[in-house]
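Below is target.csv, holding CSV, C-alpha atoms (C1' of nucleotides).
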```csv
chain,number,residue,atom,x,y,z
A,144,MET,CA,-2.6,-16.3,-19.2
A,145,ASN,CA,-6.0,-18.0,-18.6
A,146,LYS,CA,-4.4,-20.5,-16.3
A,147,ILE,CA,-4.3,-18.0,-13.6
A,148,SER,CA,-7.9,-17.0,-14.1
A,149,GLN,CA,-8.7,-20.5,-13.0
A,150,ASN,CA,-6.3,-20.4,-10.1
A,151,THR,CA,-6.3,-17.0,-8.4
A,152,PRO,CA,-10.0,-17.0,-7.6
A,153,ASP,CA,-9.2,-19.6,-4.9
A,154,CYS,CA,-7.1,-16.9,-3.2
A,155,THR,CA,-9.6,-14.6,-1.4
A,156,ILE,CA,-6.7,-12.5,-0.1
A,157,PHE,CA,-5.8,-11.7,-3.7
A,158,LEU,CA,-9.4,-10.9,-4.6
A,159,LEU,CA,-9.6,-8.7,-1.5
A,160,ALA,CA,-6.4,-6.9,-2.5
A,161,LYS,CA,-7.5,-6.2,-6.0
A,162,ALA,CA,-11.0,-5.0,-4.9
A,163,TYR,CA,-9.3,-2.7,-2.5
A,164,GLN,CA,-6.8,-1.5,-5.2
A,165,LYS,CA,-9.6,-0.7,-7.6
A,166,ALA,CA,-11.8,1.1,-5.1
A,167,HIS,CA,-8.7,3.0,-3.9
A,168,GLY,CA,-7.7,4.0,-7.4
A,169,GLN,CA,-11.2,5.2,-8.3
A,170,PHE,CA,-11.4,7.4,-5.2
A,171,LYS,CA,-7.9,8.6,-5.8
A,172,ALA,CA,-8.9,9.8,-9.2
A,173,LYS,CA,-11.8,11.7,-7.7
A,174,LEU,CA,-9.5,13.4,-5.2
A,175,ARG,CA,-6.8,14.4,-7.7
A,176,PRO,CA,-8.4,17.8,-8.5
A,177,TYR,CA,-8.2,18.7,-4.9
A,178,ASN,CA,-4.6,17.7,-4.5
A,179,LEU,CA,-5.7,15.3,-1.8
A,180,THR,CA,-4.7,11.7,-1.3
A,181,ASN,CA,-7.0,9.0,0.0
A,182,LEU,CA,-5.3,9.0,3.4
A,183,GLN,CA,-5.4,12.8,3.6
A,184,HIS,CA,-9.1,12.8,2.9
A,185,LEU,CA,-9.5,10.2,5.6
A,186,VAL,CA,-7.7,12.4,8.1
A,187,LEU,CA,-10.0,15.3,7.2
A,188,GLU,CA,-13.0,13.1,7.9
A,189,GLY,CA,-11.5,12.1,11.2
A,190,LEU,CA,-11.0,15.7,12.2
A,191,TRP,CA,-14.5,16.7,11.2
A,192,ILE,CA,-15.7,14.1,13.6
A,193,GLU,CA,-13.3,15.1,16.4
A,194,GLU,CA,-11.8,18.6,16.0
A,195,GLY,CA,-8.7,18.9,18.2
A,196,VAL,CA,-8.0,15.2,18.3
A,197,THR,CA,-4.6,13.9,19.4
A,198,ALA,CA,-2.4,12.4,16.7
A,199,ALA,CA,-2.3,9.1,18.7
A,200,ASP,CA,-6.1,9.0,18.9
A,201,LEU,CA,-6.5,9.8,15.3
A,202,GLY,CA,-4.3,6.9,14.5
A,203,LYS,CA,-6.5,4.6,16.5
A,204,LEU,CA,-9.6,6.0,14.9
A,205,LEU,CA,-8.3,5.5,11.4
A,206,VAL,CA,-6.4,2.2,12.3
A,207,MET,CA,-3.3,3.8,11.0
A,208,ASP,CA,0.3,3.4,12.1
A,209,LYS,CA,1.7,6.5,13.9
A,210,ALA,CA,4.8,6.4,11.7
A,211,THR,CA,2.6,6.6,8.6
A,212,LEU,CA,0.4,9.3,10.1
A,213,SER,CA,3.4,11.5,11.0
A,214,GLY,CA,4.4,12.1,7.4
A,215,VAL,CA,0.8,12.5,6.3
A,216,LEU,CA,0.1,15.2,8.8
A,217,ASP,CA,3.3,17.1,7.9
A,218,ARG,CA,2.3,17.1,4.2
A,219,MET,CA,-1.2,18.2,5.1
A,220,ILE,CA,0.2,21.1,7.1
A,221,ASP,CA,2.5,22.1,4.2
A,222,SER,CA,-0.5,22.1,1.9
A,223,GLY,CA,-2.7,24.1,4.3
A,224,TRP,CA,-5.4,21.5,5.1
A,225,ILE,CA,-4.7,21.2,8.9
A,226,ARG,CA,-2.6,22.7,11.7
A,227,LYS,CA,-0.9,21.3,14.8
A,228,GLU,CA,-1.1,22.7,18.3
A,229,SER,CA,0.8,21.3,21.2
A,230,ASP,CA,-1.3,20.4,24.2
A,231,PRO,CA,-0.7,22.8,27.1
A,232,ASP,CA,-1.3,20.0,29.7
A,233,ASP,CA,0.9,17.4,28.1
A,234,GLY,CA,4.1,18.3,26.3
A,235,ARG,CA,4.1,15.1,24.3
A,236,VAL,CA,0.7,15.6,22.8
A,237,LEU,CA,-0.1,17.3,19.5
A,238,ARG,CA,-3.7,18.3,18.8
A,239,LEU,CA,-4.9,18.6,15.3
A,240,TYR,CA,-7.3,21.2,13.8
A,241,THR,CA,-8.7,21.8,10.4
A,242,THR,CA,-8.1,25.1,8.5
A,243,GLU,CA,-10.5,27.4,6.7
A,244,LYS,CA,-9.5,25.8,3.4
A,245,SER,CA,-10.8,22.4,4.5
A,246,ALA,CA,-13.9,23.8,6.2
A,247,ASP,CA,-14.8,25.5,2.9
A,248,LEU,CA,-14.6,22.2,1.1
A,249,ARG,CA,-16.1,20.0,3.8
A,250,GLU,CA,-19.5,19.3,2.2
A,251,GLU,CA,-18.0,18.8,-1.2
A,252,LEU,CA,-15.4,16.3,0.1
A,253,ILE,CA,-17.9,14.4,2.1
A,254,ALA,CA,-20.2,14.2,-0.9
A,255,LEU,CA,-17.3,12.9,-2.9
A,256,ARG,CA,-16.7,10.0,-0.5
A,257,ILE,CA,-20.4,9.1,-0.5
A,258,ALA,CA,-20.4,9.1,-4.3
A,259,ALA,CA,-17.3,7.0,-4.5
A,260,ASN,CA,-18.9,4.4,-2.2
A,261,GLU,CA,-22.1,4.4,-4.1
A,262,GLU,CA,-20.2,3.9,-7.4
A,263,MET,CA,-18.2,1.0,-6.0
A,264,LEU,CA,-21.4,-0.8,-4.8
A,265,ALA,CA,-23.5,0.2,-7.8
A,266,GLY,CA,-23.6,-3.3,-9.2
A,267,PHE,CA,-24.9,-4.8,-6.0
A,268,SER,CA,-28.4,-5.2,-4.9
A,269,HIS,CA,-29.4,-3.5,-1.6
A,270,GLU,CA,-29.2,-6.9,0.2
A,271,GLU,CA,-25.8,-7.6,-1.3
A,272,GLN,CA,-24.5,-4.2,-0.2
A,273,VAL,CA,-25.7,-4.7,3.4
A,274,LEU,CA,-24.2,-8.2,3.5
A,275,PHE,CA,-20.9,-7.1,2.0
A,276,LYS,CA,-20.5,-4.4,4.6
A,277,ARG,CA,-21.3,-6.9,7.4
A,278,LEU,CA,-18.8,-9.4,6.1
A,279,LEU,CA,-16.1,-6.7,5.8
A,280,LYS,CA,-16.9,-5.5,9.3
A,281,ASP,CA,-16.6,-9.0,10.6
A,282,LEU,CA,-13.1,-9.3,9.1
A,283,SER,CA,-11.7,-6.2,10.7
B,225,MET,CA,-13.5,8.0,19.9
B,226,ASN,CA,-16.8,6.3,19.6
B,227,LYS,CA,-18.2,8.9,17.3
B,228,ILE,CA,-16.2,7.5,14.5
B,229,SER,CA,-17.4,4.0,15.2
B,230,GLN,CA,-20.9,5.3,14.3
B,231,ASN,CA,-19.6,7.0,11.2
B,232,THR,CA,-16.9,5.0,9.4
B,233,PRO,CA,-19.0,1.9,8.8
B,234,ASP,CA,-20.9,4.0,6.3
B,235,CYS,CA,-17.7,4.1,4.3
B,236,THR,CA,-17.3,0.7,2.6
B,237,ILE,CA,-14.0,1.7,1.1
B,238,PHE,CA,-12.7,2.2,4.6
B,239,LEU,CA,-13.9,-1.2,5.6
B,240,LEU,CA,-12.5,-2.7,2.5
B,241,ALA,CA,-9.1,-1.1,3.2
B,242,LYS,CA,-9.0,-2.3,6.7
B,243,ALA,CA,-10.0,-5.8,5.9
B,244,TYR,CA,-7.3,-5.9,3.3
B,245,GLN,CA,-4.7,-4.5,5.7
B,246,LYS,CA,-5.6,-7.1,8.3
B,247,ALA,CA,-5.5,-10.0,5.9
B,248,HIS,CA,-2.3,-8.7,4.4
B,249,GLY,CA,-0.7,-8.3,7.8
B,250,GLN,CA,-1.5,-11.8,8.9
B,251,PHE,CA,-0.2,-13.3,5.7
B,252,LYS,CA,2.9,-11.1,6.0
B,253,ALA,CA,3.6,-12.5,9.5
B,254,LYS,CA,3.3,-16.1,8.1
B,255,LEU,CA,5.8,-15.2,5.4
B,256,ARG,CA,8.4,-13.5,7.6
B,257,PRO,CA,10.3,-16.8,8.5
B,258,TYR,CA,10.9,-17.3,4.7
B,259,ASN,CA,12.1,-13.7,4.2
B,260,LEU,CA,9.4,-13.3,1.6
B,261,THR,CA,7.0,-10.5,1.2
B,262,ASN,CA,3.3,-10.9,0.2
B,263,LEU,CA,4.1,-9.6,-3.3
B,264,GLN,CA,7.1,-11.8,-3.7
B,265,HIS,CA,5.0,-14.8,-2.7
B,266,LEU,CA,2.4,-13.8,-5.3
B,267,VAL,CA,5.1,-13.7,-7.9
B,268,LEU,CA,6.2,-17.2,-7.1
B,269,GLU,CA,2.6,-18.4,-7.4
B,270,GLY,CA,2.5,-16.7,-10.8
B,271,LEU,CA,5.7,-18.4,-11.9
B,272,TRP,CA,4.5,-21.8,-10.7
B,273,ILE,CA,1.5,-21.4,-13.0
B,274,GLU,CA,3.5,-20.2,-16.0
B,275,GLU,CA,7.2,-20.8,-15.8
B,276,GLY,CA,9.2,-18.6,-18.1
B,277,VAL,CA,6.5,-15.9,-18.2
B,278,THR,CA,7.3,-12.4,-19.5
B,279,ALA,CA,7.5,-9.7,-16.9
B,280,ALA,CA,4.8,-7.8,-18.8
B,281,ASP,CA,2.5,-10.8,-18.7
B,282,LEU,CA,3.2,-11.5,-15.1
B,283,GLY,CA,2.2,-7.9,-14.3
B,284,LYS,CA,-1.1,-8.4,-16.2
B,285,LEU,CA,-1.7,-11.8,-14.4
B,286,LEU,CA,-1.1,-10.3,-11.0
B,287,VAL,CA,-2.8,-6.9,-11.8
B,288,MET,CA,0.4,-5.2,-10.8
B,289,ASP,CA,2.1,-2.1,-12.2
B,290,LYS,CA,5.2,-2.8,-14.2
B,291,ALA,CA,7.1,-0.1,-12.3
B,292,THR,CA,6.3,-1.9,-9.0
B,293,LEU,CA,7.1,-5.3,-10.5
B,294,SER,CA,10.5,-4.2,-11.7
B,295,GLY,CA,11.8,-3.6,-8.2
B,296,VAL,CA,10.2,-6.7,-6.8
B,297,LEU,CA,11.8,-8.9,-9.3
B,298,ASP,CA,15.2,-7.4,-8.7
B,299,ARG,CA,14.9,-8.1,-5.0
B,300,MET,CA,13.8,-11.6,-5.7
B,301,ILE,CA,16.8,-12.2,-7.9
B,302,ASP,CA,19.1,-10.8,-5.2
B,303,SER,CA,17.6,-13.2,-2.6
B,304,GLY,CA,17.8,-16.2,-5.0
B,305,TRP,CA,14.1,-16.9,-5.5
B,306,ILE,CA,14.0,-16.4,-9.3
B,307,ARG,CA,16.2,-15.7,-12.3
B,308,LYS,CA,15.8,-13.6,-15.4
B,309,GLU,CA,16.6,-14.6,-19.0
B,310,SER,CA,16.4,-12.4,-22.0
B,311,ASP,CA,14.2,-13.8,-24.8
B,312,PRO,CA,16.4,-14.7,-27.8
B,313,ASP,CA,13.6,-13.8,-30.2
B,314,ASP,CA,12.8,-10.4,-28.7
B,315,GLY,CA,15.5,-8.3,-27.1
B,316,ARG,CA,13.0,-6.3,-25.1
B,317,VAL,CA,11.5,-9.2,-23.3
B,318,LEU,CA,12.6,-10.8,-20.0
B,319,ARG,CA,11.5,-14.3,-19.1
B,320,LEU,CA,11.3,-15.3,-15.5
B,321,TYR,CA,12.1,-18.7,-14.0
B,322,THR,CA,12.0,-20.1,-10.5
B,323,THR,CA,15.2,-21.4,-8.8
B,324,GLU,CA,15.8,-24.6,-6.9
B,325,LYS,CA,15.3,-22.7,-3.7
B,326,SER,CA,11.7,-21.8,-4.6
B,327,ALA,CA,11.0,-25.3,-6.1
B,328,ASP,CA,12.0,-26.8,-2.8
B,329,LEU,CA,9.6,-24.7,-0.8
B,330,ARG,CA,6.8,-24.8,-3.3
B,331,GLU,CA,4.4,-27.1,-1.5
B,332,GLU,CA,5.1,-25.5,1.8
B,333,LEU,CA,4.4,-22.0,0.4
B,334,ILE,CA,1.3,-23.0,-1.4
B,335,ALA,CA,0.0,-24.6,1.8
B,336,LEU,CA,0.8,-21.4,3.6
B,337,ARG,CA,-1.4,-19.4,1.3
B,338,ILE,CA,-4.2,-21.8,1.7
B,339,ALA,CA,-4.0,-21.7,5.4
B,340,ALA,CA,-3.9,-17.9,5.4
B,341,ASN,CA,-7.1,-17.8,3.3
B,342,GLU,CA,-8.8,-20.3,5.6
B,343,GLU,CA,-7.9,-18.4,8.7
B,344,MET,CA,-9.2,-15.2,7.3
B,345,LEU,CA,-12.6,-16.8,6.4
B,346,ALA,CA,-12.8,-19.0,9.4
B,347,GLY,CA,-15.5,-17.0,11.0
B,348,PHE,CA,-17.8,-17.2,8.0
B,349,SER,CA,-20.2,-20.0,7.1
B,350,HIS,CA,-19.6,-21.8,3.8
B,351,GLU,CA,-22.4,-19.9,2.2
B,352,GLU,CA,-20.9,-16.6,3.4
B,353,GLN,CA,-17.5,-17.6,2.1
B,354,VAL,CA,-18.9,-18.3,-1.4
B,355,LEU,CA,-20.9,-15.1,-1.4
B,356,PHE,CA,-18.0,-13.0,-0.2
B,357,LYS,CA,-15.7,-14.3,-2.9
B,358,ARG,CA,-18.4,-13.7,-5.6
B,359,LEU,CA,-18.9,-10.1,-4.4
B,360,LEU,CA,-15.2,-9.4,-4.4
B,361,LYS,CA,-14.9,-10.9,-7.8
B,362,ASP,CA,-17.7,-8.7,-9.1
B,363,LEU,CA,-15.8,-5.6,-7.8
B,364,SER,CA,-12.6,-6.3,-9.6
C,241,DG,C1',15.1,1.0,-46.0
C,242,DC,C1',13.4,4.3,-43.2
C,243,DA,C1',10.4,6.9,-40.4
C,244,DT,C1',6.8,6.2,-37.2
C,245,DC,C1',4.7,3.9,-33.9
C,246,DA,C1',4.0,0.3,-30.4
C,247,DT,C1',5.9,-2.5,-26.7
C,248,DC,C1',9.1,-3.9,-22.9
C,249,DC,C1',11.5,-2.7,-19.1
C,250,DT,C1',13.8,0.8,-16.1
C,251,DT,C1',14.1,4.8,-13.4
C,252,DC,C1',12.4,8.8,-10.9
C,253,DG,C1',9.3,11.1,-7.8
C,254,DT,C1',5.8,11.0,-4.4
C,255,DA,C1',2.9,8.7,-1.0
C,256,DT,C1',1.7,5.1,1.8
C,257,DG,C1',2.6,1.1,5.3
C,258,DC,C1',4.9,-0.6,9.1
C,259,DG,C1',8.7,-2.5,12.3
C,260,DA,C1',12.2,-0.6,15.1
C,261,DA,C1',14.8,2.7,17.5
C,262,DC,C1',14.8,7.1,19.8
C,263,DA,C1',14.2,11.6,22.3
C,264,DA,C1',11.0,14.1,25.2
C,265,DT,C1',7.7,13.9,28.5
C,266,DA,C1',4.6,12.0,32.0
C,267,DT,C1',3.4,8.7,35.7
C,268,DG,C1',3.8,5.7,39.4
C,269,DA,C1',6.3,3.2,42.9
C,270,DA,C1',9.8,3.0,46.3
D,127,DT,C1',12.2,12.8,45.3
D,128,DT,C1',14.1,9.8,42.2
D,129,DC,C1',14.3,5.9,39.4
D,130,DA,C1',11.8,2.7,36.4
D,131,DT,C1',8.4,2.5,33.1
D,132,DA,C1',5.0,4.0,29.8
D,133,DT,C1',3.3,7.1,26.3
D,134,DT,C1',3.8,10.5,22.3
D,135,DG,C1',5.6,11.7,18.3
D,136,DT,C1',9.7,11.6,15.0
D,137,DT,C1',12.9,9.3,12.1
D,138,DC,C1',15.0,5.5,9.6
D,139,DG,C1',14.8,1.6,6.6
D,140,DC,C1',12.6,-1.3,3.5
D,141,DA,C1',8.8,-2.6,0.4
D,142,DT,C1',4.9,-1.6,-2.1
D,143,DA,C1',2.0,1.5,-5.4
D,144,DC,C1',1.7,4.0,-9.4
D,145,DG,C1',2.0,8.2,-12.8
D,146,DA,C1',5.3,9.8,-15.9
D,147,DA,C1',9.3,9.9,-18.7
D,148,DG,C1',12.9,7.6,-21.1
D,149,DG,C1',15.9,4.2,-23.6
D,150,DA,C1',16.1,0.0,-26.2
D,151,DT,C1',14.0,-2.8,-29.4
D,152,DG,C1',10.4,-4.7,-32.6
D,153,DA,C1',6.8,-4.1,-36.1
D,154,DT,C1',4.4,-1.6,-39.7
D,155,DG,C1',3.5,1.3,-43.6
D,156,DC,C1',5.3,3.9,-47.3
```

Could you render the structure from this file as C-alpha cells?
Amino acid sequence: MNKISQNTPDCTIFLLAKAYQKAHGQFKAKLRPYNLTNLQHLVLEGLWIEEGVTAADLGKLLVMDKATLSGVLDRMIDSGWIRKESDPDDGRVLRLYTTEKSADLREELIALRIAANEEMLAGFSHEEQVLFKRLLKDLS
Amino acid sequence: MNKISQNTPDCTIFLLAKAYQKAHGQFKAKLRPYNLTNLQHLVLEGLWIEEGVTAADLGKLLVMDKATLSGVLDRMIDSGWIRKESDPDDGRVLRLYTTEKSADLREELIALRIAANEEMLAGFSHEEQVLFKRLLKDLS
DNA sequence: GCATCATCCTTCGTATGCGAACAATATGAA
DNA sequence: TTCATATTGTTCGCATACGAAGGATGATGC
C-alpha cells in the first residue's frame, strides 16, 4: 500500500490526472444544485463570451470534440439552458444561444466558477498560483 | 474566438483539464499499439508493485472508483493481461495477478510511461519540473 | 447463534471523451 | 455546370468516471 506512494509520484501524468479529478469533483459538487455538469457550465461560459456561436467554433473554443459536444448540447436544450438556431446563410451550421434561465443565473454561476478556482488554489502562495497557471498553459 | 483566449486562462480548472487531456491523449497514442488503455496500463503498474493485490486495495492505490475498476479488470482479463483469483480466506475478496503476456512486456511498458512523462515535461527546466510535481502533489 | 453492521464486488444509469463513419451542405476547379 | 473535395453536425462504439443500489460474505455484539 505504501509501496505505491513511493512510486507513483514519479509519474507526473498520474499526479496531473488526480489533481484534475479532484478539482473536477469539487466543482461538480458545487454545480449539483443547479443540475448542471462541469461541461455544461463550460458551454454556458462559452456562450456568455460569444452569443450565437457556431457549434464547431464552440468546440474549438473549449477544446472539445464535436462528437462529445453534440450530446452535451442536446441535453442542455432538453433542460432549457440553451437553444439552437440553424444559420440562414449556411445550412450545415447551428448557432447557439442562451435562454432566460441561464441569463438569470449568469452572475451566480460565474461566481461559482471563480470560487471553485480560488478554493483549489487556496493552499498556494500568490507566486505559486501564477507559476502554476503558467506551467499549465505551457503544457496545453 | 480570441475573446475566450483572454478569458479562459483565468480558469485554472480549465487549464488543468486541458493539460490533463493533452497528456492523456499523448500517452494513449503510445499505448495504442499494445491495445492497452491508459487506465489498463495504470492497473499493470499497480500489479507490478503489489502482485496479488485486492481489487479494493488497487482502487485505493490508483485513486479509482471501484465501479470503474470492475469493468476495467474484466476487459483486461478478456484481453489476457491479468487474471483473478478468489481469496481462500475471504470469499468476498478478489486477488489480481499479472499474466505472462504482461510480464513479457513489463520493461517495455514501464519505459513507455517514463518516456511519456519526459516528453510532457520536456519544455520545462529541471526546477520547473520539480516545482510542478510538488504543486500537483499538494493539490491531490 | 443470530441479528446487525461493515466490506467487497457487481450492476445500473448518466455523462463525458474521442475515433470513425456518415448524411447534408458548401466551395472550388475543370 | 458538374464533379471532387471540404466542412458541419450526428451517430455509433468503446472506455472511462462515479453515484447509488444490491447481493454475497465476514465480523461483531448480545

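A straight line drawn from CA of Leu255 (chain A) to CA of Glu194 (chain A) is 20.5 Å long.
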
Counting all atoms listed in the file, give me one row per residue of chain C with an atom at most 7 Å from an atom of chain A, showing the shortest contact pair and its distance in Å to one decimal, sorted by chain then residue number, as CSV.
```
residue,atom,partner,partner_atom,distance
C:DG257,C1',A:Thr211,CA,6.4
C:DC258,C1',A:Asp208,CA,6.8
C:DT265,C1',A:Arg235,CA,5.7
```

Requested write-out: C-alpha atoms (C1' of nucleotides) of the selected residues, as an mmCIF file, in the frame of the given file:
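Saved result, again-v4.cif, follows:
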```cif
data_model
loop_
_atom_site.group_PDB
_atom_site.id
_atom_site.type_symbol
_atom_site.label_atom_id
_atom_site.label_comp_id
_atom_site.auth_asym_id
_atom_site.auth_seq_id
_atom_site.Cartn_x
_atom_site.Cartn_y
_atom_site.Cartn_z
ATOM 1 C "C1'" DG C 257 2.600 1.100 5.300
ATOM 2 C "C1'" DC C 258 4.900 -0.600 9.100
ATOM 3 C "C1'" DT C 265 7.700 13.900 28.500
#
```

### Task
Would you mind reading off the distance between CA of Gln245 (chain B) and CA of Gly223 (chain A), one decimal, in Å?
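Taking CA of Gln245 (chain B) as the start and CA of Gly223 (chain A) as the end point, the length is 28.7 Å.
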
### Summary
Correct to one decimal, the distance CA of Leu205 (chain A)-CA of Phe238 (chain B) is 8.7 Å

I'm after chain A in the frame of chain B: fit it by least squares over all Cα atoms matched in order, and give me the output as a CSV table (one decimal) with C-alpha atoms, in the frame of the given file.
```csv
chain,number,residue,atom,x,y,z
A,144,MET,CA,-13.5,8.1,19.9
A,145,ASN,CA,-16.8,6.2,19.6
A,146,LYS,CA,-18.1,8.9,17.3
A,147,ILE,CA,-16.2,7.4,14.5
A,148,SER,CA,-17.4,3.9,15.2
A,149,GLN,CA,-20.8,5.3,14.3
A,150,ASN,CA,-19.6,7.1,11.2
A,151,THR,CA,-16.9,5.0,9.4
A,152,PRO,CA,-19.1,2.0,8.9
A,153,ASP,CA,-20.9,4.0,6.2
A,154,CYS,CA,-17.7,4.1,4.3
A,155,THR,CA,-17.3,0.7,2.6
A,156,ILE,CA,-14.1,1.8,1.0
A,157,PHE,CA,-12.6,2.2,4.5
A,158,LEU,CA,-14.0,-1.2,5.6
A,159,LEU,CA,-12.5,-2.7,2.5
A,160,ALA,CA,-9.1,-1.1,3.2
A,161,LYS,CA,-9.0,-2.3,6.7
A,162,ALA,CA,-10.1,-5.9,5.8
A,163,TYR,CA,-7.4,-5.9,3.3
A,164,GLN,CA,-4.8,-4.4,5.7
A,165,LYS,CA,-5.6,-7.1,8.3
A,166,ALA,CA,-5.5,-10.0,5.9
A,167,HIS,CA,-2.3,-8.6,4.4
A,168,GLY,CA,-0.6,-8.3,7.8
A,169,GLN,CA,-1.6,-11.8,8.9
A,170,PHE,CA,-0.1,-13.3,5.7
A,171,LYS,CA,2.9,-11.1,6.0
A,172,ALA,CA,3.5,-12.5,9.5
A,173,LYS,CA,3.3,-16.0,8.1
A,174,LEU,CA,5.8,-15.2,5.4
A,175,ARG,CA,8.4,-13.5,7.6
A,176,PRO,CA,10.3,-16.8,8.4
A,177,TYR,CA,10.9,-17.2,4.8
A,178,ASN,CA,12.1,-13.7,4.2
A,179,LEU,CA,9.3,-13.4,1.7
A,180,THR,CA,6.9,-10.5,1.2
A,181,ASN,CA,3.3,-10.9,0.2
A,182,LEU,CA,4.0,-9.6,-3.3
A,183,GLN,CA,7.1,-11.9,-3.7
A,184,HIS,CA,5.0,-14.9,-2.7
A,185,LEU,CA,2.5,-13.8,-5.3
A,186,VAL,CA,5.1,-13.7,-8.0
A,187,LEU,CA,6.2,-17.2,-7.0
A,188,GLU,CA,2.7,-18.4,-7.4
A,189,GLY,CA,2.5,-16.7,-10.8
A,190,LEU,CA,5.6,-18.4,-11.9
A,191,TRP,CA,4.5,-21.8,-10.7
A,192,ILE,CA,1.5,-21.4,-12.9
A,193,GLU,CA,3.5,-20.1,-15.9
A,194,GLU,CA,7.3,-20.9,-15.8
A,195,GLY,CA,9.1,-18.6,-18.2
A,196,VAL,CA,6.5,-15.9,-18.2
A,197,THR,CA,7.3,-12.5,-19.5
A,198,ALA,CA,7.5,-9.7,-16.9
A,199,ALA,CA,4.8,-7.8,-18.8
A,200,ASP,CA,2.5,-10.8,-18.7
A,201,LEU,CA,3.2,-11.5,-15.1
A,202,GLY,CA,2.1,-8.0,-14.4
A,203,LYS,CA,-1.2,-8.5,-16.1
A,204,LEU,CA,-1.7,-11.8,-14.4
A,205,LEU,CA,-1.1,-10.3,-11.0
A,206,VAL,CA,-2.8,-6.9,-11.9
A,207,MET,CA,0.4,-5.3,-10.9
A,208,ASP,CA,2.1,-2.1,-12.2
A,209,LYS,CA,5.3,-2.8,-14.2
A,210,ALA,CA,7.1,-0.2,-12.2
A,211,THR,CA,6.3,-2.0,-9.0
A,212,LEU,CA,7.1,-5.4,-10.4
A,213,SER,CA,10.5,-4.2,-11.6
A,214,GLY,CA,11.9,-3.6,-8.1
A,215,VAL,CA,10.2,-6.7,-6.8
A,216,LEU,CA,11.8,-9.0,-9.3
A,217,ASP,CA,15.3,-7.4,-8.7
A,218,ARG,CA,15.0,-8.1,-5.0
A,219,MET,CA,13.8,-11.6,-5.7
A,220,ILE,CA,16.8,-12.2,-7.9
A,221,ASP,CA,19.2,-10.8,-5.2
A,222,SER,CA,17.6,-13.2,-2.7
A,223,GLY,CA,17.8,-16.2,-5.0
A,224,TRP,CA,14.1,-17.0,-5.5
A,225,ILE,CA,14.0,-16.4,-9.3
A,226,ARG,CA,16.2,-15.6,-12.3
A,227,LYS,CA,15.8,-13.5,-15.5
A,228,GLU,CA,16.6,-14.6,-19.0
A,229,SER,CA,16.3,-12.4,-22.0
A,230,ASP,CA,14.2,-13.7,-24.8
A,231,PRO,CA,16.3,-14.7,-27.8
A,232,ASP,CA,13.5,-13.7,-30.2
A,233,ASP,CA,12.7,-10.3,-28.7
A,234,GLY,CA,15.4,-8.2,-27.2
A,235,ARG,CA,12.9,-6.2,-25.1
A,236,VAL,CA,11.5,-9.2,-23.3
A,237,LEU,CA,12.7,-10.8,-20.1
A,238,ARG,CA,11.5,-14.2,-19.1
A,239,LEU,CA,11.3,-15.3,-15.6
A,240,TYR,CA,12.1,-18.7,-14.0
A,241,THR,CA,12.0,-20.0,-10.5
A,242,THR,CA,15.2,-21.4,-8.8
A,243,GLU,CA,15.8,-24.6,-6.9
A,244,LYS,CA,15.3,-22.7,-3.6
A,245,SER,CA,11.8,-21.9,-4.5
A,246,ALA,CA,11.0,-25.3,-6.0
A,247,ASP,CA,12.1,-26.8,-2.7
A,248,LEU,CA,9.6,-24.7,-0.9
A,249,ARG,CA,6.8,-24.8,-3.4
A,250,GLU,CA,4.4,-27.1,-1.5
A,251,GLU,CA,5.1,-25.4,1.8
A,252,LEU,CA,4.4,-21.9,0.4
A,253,ILE,CA,1.3,-22.9,-1.3
A,254,ALA,CA,0.0,-24.6,1.8
A,255,LEU,CA,0.8,-21.4,3.7
A,256,ARG,CA,-1.4,-19.3,1.3
A,257,ILE,CA,-4.3,-21.8,1.6
A,258,ALA,CA,-4.0,-21.7,5.4
A,259,ALA,CA,-3.9,-17.9,5.5
A,260,ASN,CA,-7.1,-17.8,3.4
A,261,GLU,CA,-8.8,-20.4,5.5
A,262,GLU,CA,-7.9,-18.4,8.7
A,263,MET,CA,-9.2,-15.2,7.2
A,264,LEU,CA,-12.6,-16.8,6.3
A,265,ALA,CA,-12.8,-18.9,9.4
A,266,GLY,CA,-15.6,-17.0,11.0
A,267,PHE,CA,-17.8,-17.3,7.9
A,268,SER,CA,-20.2,-19.9,7.1
A,269,HIS,CA,-19.6,-21.9,3.8
A,270,GLU,CA,-22.4,-19.8,2.1
A,271,GLU,CA,-20.9,-16.6,3.4
A,272,GLN,CA,-17.5,-17.5,2.1
A,273,VAL,CA,-18.8,-18.3,-1.4
A,274,LEU,CA,-20.8,-15.1,-1.5
A,275,PHE,CA,-17.9,-13.0,-0.2
A,276,LYS,CA,-15.7,-14.3,-3.0
A,277,ARG,CA,-18.4,-13.6,-5.6
A,278,LEU,CA,-18.9,-10.1,-4.4
A,279,LEU,CA,-15.1,-9.4,-4.4
A,280,LYS,CA,-14.9,-10.9,-7.9
A,281,ASP,CA,-17.6,-8.7,-9.1
A,282,LEU,CA,-15.8,-5.6,-7.8
A,283,SER,CA,-12.5,-6.3,-9.6
```

Using only C-alpha atoms (C1' of nucleotides), what table do you get, as a Markdown table, when you list each residue of chain C with an atom no more than 9 Å from region 130-147 of chain D, its nearest pair of atoms, and their distance in Å rounded to one decimal, rows by chain then rising number?
```
| residue | atom | partner | partner_atom | distance |
| --- | --- | --- | --- | --- |
| C:DT251 | C1' | D:DA147 | C1' | 8.8 |
| C:DC252 | C1' | D:DA147 | C1' | 8.5 |
| C:DA255 | C1' | D:DA143 | C1' | 8.5 |
| C:DT256 | C1' | D:DA143 | C1' | 8.1 |
| C:DG257 | C1' | D:DT142 | C1' | 8.2 |
| C:DA260 | C1' | D:DC138 | C1' | 8.7 |
| C:DA261 | C1' | D:DC138 | C1' | 8.4 |
| C:DC262 | C1' | D:DT137 | C1' | 8.2 |
| C:DA263 | C1' | D:DT136 | C1' | 8.6 |
| C:DA264 | C1' | D:DT134 | C1' | 8.6 |
| C:DT265 | C1' | D:DT134 | C1' | 8.1 |
| C:DA266 | C1' | D:DT133 | C1' | 7.6 |
| C:DT267 | C1' | D:DA132 | C1' | 7.7 |
| C:DG268 | C1' | D:DT131 | C1' | 8.4 |
| C:DA269 | C1' | D:DA130 | C1' | 8.5 |
```

### Message
Distance cut-off 7 Å, counting all atoms listed in the file - which residues of chain B neighbour chain A? Return them as JSON, numbers by chain.
### Response
{"B": [225, 227, 228, 235, 236, 237, 239, 240, 241, 242, 243, 244, 246, 247, 273, 285, 341, 356, 357, 360, 361, 363, 364]}
